[in-house]
file work.cif (mmCIF, C-alpha atoms)
data_protein
#
loop_
_atom_site.label_atom_id
_atom_site.label_comp_id
_atom_site.auth_asym_id
_atom_site.auth_seq_id
_atom_site.Cartn_x
_atom_site.Cartn_y
_atom_site.Cartn_z
CA MET T 472 86.86 87.00 116.88
CA THR T 473 89.91 89.04 117.74
CA ILE T 474 91.40 92.47 117.14
CA ASP T 475 94.37 92.43 114.76
CA VAL T 476 97.04 94.98 115.66
CA LYS T 477 99.80 96.09 113.28
CA TYR T 478 102.93 98.16 113.84
CA PHE T 479 104.92 99.92 111.13
CA ALA T 480 108.34 101.47 110.47
CA SER T 481 110.41 102.71 113.44
CA LEU T 482 107.69 101.72 115.90
CA ARG T 483 107.77 98.12 114.69
CA ASP T 484 111.57 98.07 114.94
CA ARG T 485 111.43 99.48 118.44
CA LEU T 486 108.81 96.99 119.61
CA GLY T 487 110.50 94.09 117.82
CA ARG T 488 107.28 92.82 116.26
CA ALA T 489 105.03 93.64 113.33
CA GLU T 490 101.69 92.49 114.69
CA ASP T 491 99.68 91.27 117.63
CA ARG T 492 96.31 89.70 118.21
CA LEU T 493 94.11 90.74 121.08
CA ASP T 494 91.09 88.93 122.43
CA PRO T 495 88.91 91.85 123.47
CA VAL T 496 87.39 91.91 126.91
CA GLY T 497 84.54 94.38 126.95
CA GLU T 498 84.59 97.64 125.03
CA LEU T 499 88.01 99.05 124.15
CA THR T 500 89.37 102.30 122.76
CA VAL T 501 92.45 102.72 120.56
CA ALA T 502 94.43 103.80 123.63
CA GLY T 503 92.99 100.82 125.50
CA VAL T 504 94.24 98.41 122.84
CA TRP T 505 97.76 99.78 123.23
CA ALA T 506 97.56 99.66 127.03
CA ALA T 507 96.31 96.05 126.97
CA LEU T 508 99.23 94.93 124.77
CA TRP T 509 101.99 97.18 126.16
CA PRO T 510 101.14 97.85 129.81
CA GLU T 511 104.74 98.81 130.59
CA THR T 512 105.28 101.07 127.56
CA PRO T 513 103.48 104.39 127.13
CA LEU T 514 102.43 105.13 123.55
CA PRO T 515 105.44 107.02 122.10
CA PRO T 516 104.81 110.72 121.36
CA ASN T 517 103.64 111.50 117.81
CA THR T 518 102.46 107.94 117.23
CA LEU T 519 99.50 107.80 114.85
CA ALA T 520 96.74 105.22 114.93
CA ALA T 521 94.29 103.80 112.41
CA VAL T 522 91.22 101.62 112.80
CA ASN T 523 90.28 99.60 109.72
CA MET T 524 92.74 101.73 107.70
CA GLU T 525 91.19 105.06 108.72
CA TYR T 526 93.06 107.50 110.96
CA ALA T 527 91.70 107.31 114.50
CA GLU T 528 91.94 109.26 117.74
CA PRO T 529 93.06 107.45 120.93
CA THR T 530 89.52 107.75 122.28
CA GLN T 531 87.90 105.98 119.32
CA THR T 532 86.04 102.78 120.16
CA VAL T 533 87.45 99.54 118.78
CA ARG T 534 85.18 96.59 118.09
CA ASP T 535 85.73 92.87 117.79
CA GLY T 536 87.13 92.08 114.35
CA ASP T 537 88.63 95.54 113.81
CA GLU T 538 92.18 96.04 112.53
CA VAL T 539 94.13 98.57 114.57
CA ALA T 540 97.48 100.01 113.43
CA PHE T 541 100.06 102.14 115.21
CA PHE T 542 102.80 103.97 113.32
CA PRO T 543 105.11 107.01 113.36
CA PRO T 544 104.44 110.20 111.34
CA VAL T 545 104.29 109.50 107.62
CA THR T 546 107.16 110.54 105.32
CA GLY T 547 106.19 109.84 101.71
CA GLY T 548 106.58 111.85 98.52
CA MET H 933 92.55 108.44 86.49
CA LYS H 934 95.36 106.09 87.42
CA ILE H 935 96.93 105.60 90.86
CA GLU H 936 99.66 103.04 91.31
CA LEU H 937 102.26 101.84 93.79
CA ARG H 938 105.40 100.62 92.04
CA GLN H 939 107.81 98.07 93.51
CA THR H 940 110.59 98.65 90.96
CA PRO H 941 112.33 101.74 89.50
CA PHE H 942 110.33 103.66 86.90
CA GLU H 943 110.92 106.45 84.38
CA PRO H 944 108.40 109.23 85.06
CA LEU H 945 108.63 110.77 81.59
CA VAL H 946 108.15 107.40 79.90
CA GLU H 947 105.14 106.70 82.13
CA LEU H 948 103.81 110.16 81.38
CA GLY H 949 104.24 109.65 77.64
CA CYS H 950 102.32 106.36 77.73
CA TYR H 951 99.52 107.81 79.79
CA GLN H 952 99.43 110.97 77.69
CA ALA H 953 98.59 108.86 74.63
CA ALA H 954 95.50 107.55 76.43
CA VAL H 955 94.61 111.07 77.61
CA ASP H 956 94.84 112.37 74.06
CA GLU H 957 92.45 109.73 72.78
CA ARG H 958 89.90 110.47 75.47
CA LEU H 959 90.28 114.23 75.92
CA HIS H 960 91.37 115.43 72.48
CA GLY H 961 91.20 119.22 72.37
CA GLN H 962 89.78 119.57 75.92
CA TYR H 963 92.77 120.18 78.16
CA GLY H 964 94.77 123.37 78.08
CA ALA H 965 97.08 122.68 81.00
CA THR H 966 99.07 119.75 82.33
CA ALA H 967 100.89 120.19 85.65
CA ILE H 968 103.55 117.67 86.62
CA PHE H 969 105.45 117.00 89.82
CA ILE H 970 108.30 114.49 90.00
CA GLY H 971 109.89 113.74 93.38
CA THR H 972 113.41 112.26 93.23
CA MET H 973 115.61 110.73 95.90
CA ARG H 974 118.60 112.89 96.90
CA ASP H 975 121.94 111.60 98.16
CA LEU H 976 121.98 114.04 101.07
CA ASN H 977 119.51 114.55 103.93
CA GLU H 978 120.02 116.71 107.02
CA GLY H 979 123.70 117.11 106.14
CA GLU H 980 124.43 113.39 105.92
CA SER H 981 125.03 111.40 102.78
CA VAL H 982 122.45 108.73 102.09
CA ARG H 983 123.41 105.51 100.27
CA GLY H 984 119.93 104.16 99.75
CA MET H 985 116.41 104.19 101.07
CA THR H 986 113.56 101.79 101.70
CA LEU H 987 110.01 103.05 101.37
CA GLU H 988 107.57 101.12 103.51
CA HIS H 989 103.79 101.42 103.22
CA TYR H 990 100.62 100.04 104.77
CA PRO H 991 99.11 97.83 102.06
CA GLY H 992 95.46 98.73 101.63
CA MET H 993 95.49 101.92 103.67
CA THR H 994 98.07 103.63 101.45
CA GLU H 995 96.12 102.91 98.26
CA ARG H 996 92.86 104.00 99.89
CA HIS H 997 94.27 107.34 101.02
CA LEU H 998 95.97 108.08 97.69
CA GLN H 999 92.63 107.46 95.99
CA ARG H 1000 90.87 109.75 98.45
CA ILE H 1001 93.42 112.55 97.99
CA VAL H 1002 93.01 112.47 94.20
CA GLU H 1003 89.21 112.37 94.55
CA ALA H 1004 89.39 115.42 96.83
CA ALA H 1005 91.39 117.24 94.14
CA PHE H 1006 88.72 116.38 91.56
CA ALA H 1007 86.05 117.71 93.93
CA GLU H 1008 87.92 120.99 94.45
CA TRP H 1009 89.09 121.81 90.91
CA PRO H 1010 87.70 121.16 87.41
CA LEU H 1011 90.19 118.41 86.50
CA LEU H 1012 90.00 116.23 83.43
CA ASP H 1013 92.42 113.49 84.43
CA ALA H 1014 95.15 112.59 86.95
CA LEU H 1015 98.06 110.16 87.16
CA VAL H 1016 99.90 109.24 90.37
CA ILE H 1017 102.73 106.69 90.60
CA HIS H 1018 104.57 106.26 93.93
CA ARG H 1019 107.52 103.97 94.62
CA VAL H 1020 107.74 101.49 97.47
CA GLY H 1021 110.65 99.18 98.30
CA ASP H 1022 114.35 99.84 97.84
CA LEU H 1023 115.55 103.05 96.16
CA GLN H 1024 118.94 104.45 95.21
CA PRO H 1025 119.85 108.16 95.00
CA ASN H 1026 118.43 109.75 91.85
CA ASP H 1027 115.61 107.20 91.65
CA PRO H 1028 112.22 108.84 91.10
CA ILE H 1029 109.96 108.51 94.15
CA VAL H 1030 106.70 109.95 92.92
CA LEU H 1031 105.08 111.21 89.72
CA ILE H 1032 101.95 113.36 89.84
CA ALA H 1033 100.32 114.73 86.71
CA VAL H 1034 96.98 116.50 86.39
CA TRP H 1035 95.13 117.69 83.32
CA SER H 1036 92.71 120.62 83.30
CA ALA H 1037 91.33 123.24 80.93
CA HIS H 1038 93.32 126.01 82.65
CA ARG H 1039 96.68 126.34 84.38
CA ALA H 1040 95.42 127.71 87.71
CA ALA H 1041 93.45 124.56 88.46
CA ALA H 1042 96.23 122.28 87.17
CA PHE H 1043 98.96 123.93 89.29
CA ALA H 1044 96.79 124.12 92.41
CA ALA H 1045 95.58 120.52 92.16
CA CYS H 1046 99.08 119.15 91.51
CA ARG H 1047 100.41 121.04 94.55
CA PHE H 1048 97.47 119.85 96.65
CA VAL H 1049 98.03 116.20 95.77
CA ILE H 1050 101.75 116.20 96.70
CA GLU H 1051 101.20 118.15 99.93
CA GLU H 1052 98.30 115.93 101.01
CA LEU H 1053 100.27 112.82 100.05
CA LYS H 1054 103.19 113.90 102.21
CA SER H 1055 101.04 114.54 105.28
CA LYS H 1056 98.37 111.82 104.99
CA ALA H 1057 99.43 108.83 102.89
CA PRO H 1058 101.07 106.15 105.05
CA PHE H 1059 104.61 105.87 103.66
CA TRP H 1060 107.77 105.69 105.76
CA LYS H 1061 111.33 106.32 104.58
CA ARG H 1062 114.20 104.33 106.04
CA GLU H 1063 117.55 105.75 105.03
CA ASP H 1064 120.79 103.80 104.75
CA MET H 1065 123.59 106.15 105.83
CA GLY H 1066 126.36 103.69 105.02
CA ALA H 1067 129.40 103.27 107.24
CA GLY H 1068 130.26 105.95 109.75
CA PHE H 1069 130.54 106.72 113.43
CA ALA H 1070 127.95 106.27 116.15
CA LEU H 1071 127.93 107.89 119.55
CA GLY H 1072 127.58 105.35 122.35
CA GLY H 1073 127.90 106.65 125.89
CA ALA H 1074 131.33 108.20 126.37
CA THR H 1075 132.86 106.60 123.31
CA THR H 1076 132.56 107.02 119.59
CA ARG H 1077 132.70 103.78 117.68
CA ARG H 1078 132.96 102.87 114.06
CA VAL H 1079 129.88 101.13 112.65
CA ASP H 1080 129.55 99.31 109.34
CA ARG H 1081 126.12 100.53 108.47
CA ARG H 1082 123.64 102.96 109.96
CA MET H 1083 119.92 103.10 109.30
CA ARG H 1084 117.65 106.01 110.01
CA TRP H 1085 113.88 106.26 109.87
CA GLY H 1086 112.36 109.46 108.44
CA TRP H 1087 112.77 112.91 109.91
CA LEU H 1088 111.16 112.27 113.30
CA SER H 1089 112.87 108.98 114.00
CA GLY H 1090 115.12 110.57 116.61
CA MET H 1091 112.10 111.44 118.71
CA LEU H 1092 110.94 107.83 118.69
CA ARG H 1093 114.29 106.27 119.44
CA GLN H 1094 114.89 105.18 123.01
#
call {"tool": "encode", "arguments": {"input": "work.cif", "output": "structure tokens"}}
result
Amino acid sequence: MTIDVKYFASLRDRLGRAEDRLDPVGELTVAGVWAALWPETPLPPNTLAAVNMEYAEPTQTVRDGDEVAFFPPVTGG
Amino acid sequence: MKIELRQTPFEPLVELGCYQAAVDERLHGQYGATAIFIGTMRDLNEGESVRGMTLEHYPGMTERHLQRIVEAAFAEWPLLDALVIHRVGDLQPNDPIVLIAVWSAHRAAAFAACRFVIEELKSKAPFWKREDMGAGFALGGATTRRVDRRMRWGWLSGMLRQ
């Protein structure tokens, strides 16, 4: 099992990739997932996160098999 | 209730007319108010002309949150029916972006629910606008250079740019 990570819109363009896979080691939070994948890059200000398509705080626990997404503020309508 | 993401241009009033026929069959004589919001792409944003726009979404999450927003409106107001169509993909100026229609017995509920759905959609549904500003000039260090095409993400993109 792995954690699937997705990036959208300007964040994806900035990172140069749309998704990652992470083999979790121990218990992770949303912020921990970012730090594990981008140790050199702080999470950009205003970035939003979702776990399994629900908005999530950085402190939320992420489990094996979860889908985590990071994206900029939404601009629909 | 119908909620749909549309990949290609659509005519809101044609869509509304088709859906209205179904509403009339089901709710004949019951609704006294229909409130409608249509959002349309402009050719100007923040003082710059916009040639086109791409609307990106998060497949699965976007649909789920649109559904939840409309359900919240039904929980808050005595609505009889609702229709939401939102574009994704490539748009040109004057293309409709979103159609929201709600049916209720009275106008207060219809107006309030329609307003609620568009405001919630704008702040919670995962859509992102990428604007094509066409040719122009870009600042790069001490020089200004001509560029063929400039793209800009949403209103906060500047804050996320390195």
call {"tool": "interface_residues", "arguments": {"input": "work.cif", "of": "chain T", "to": "chain H", "cutoff": "6 Å", "atoms": "all atoms listed in the file", "output": "ChimeraX atom specification"}}
result
/T:524,545-548
call {"tool": "closest_residue", "arguments": {"input": "work.cif", "among": "T:Asn523, T:Glu498, T:Leu514, T:Arg483", "to": "Glu538 of chain T", "atoms": "only C-alpha atoms"}}
result
T:Asn523
call {"tool": "atom_distance", "arguments": {"input": "work.cif", "atom1": "atom CA of Tyr478 of chain T", "atom2": "atom CA of Glu528 of chain T"}}
result
16.1 Å
call {"tool": "atom_distance", "arguments": {"input": "work.cif", "atom1": "atom CA of Ala527 of chain T", "atom2": "atom CA of Glu1003 of chain H"}}
result
20.7 Å
call {"tool": "resolve_selection", "arguments": {"input": "work.cif", "expression": "the PyMOL selection byres ((chain T and resi 533) around 7)", "output": "list in words"}}
result
Leu499, Thr500, Val501, Gln531, Thr532, Arg534, Asp535 and Asp537 of chain T
call {"tool": "resolve_selection", "arguments": {"input": "work.cif", "expression": "the PyMOL selection byres ((chain H and resi 1024) around 8)", "output": "number ranges by chain"}}
result
H: 973, 983-985, 1022-1023, 1025-1027
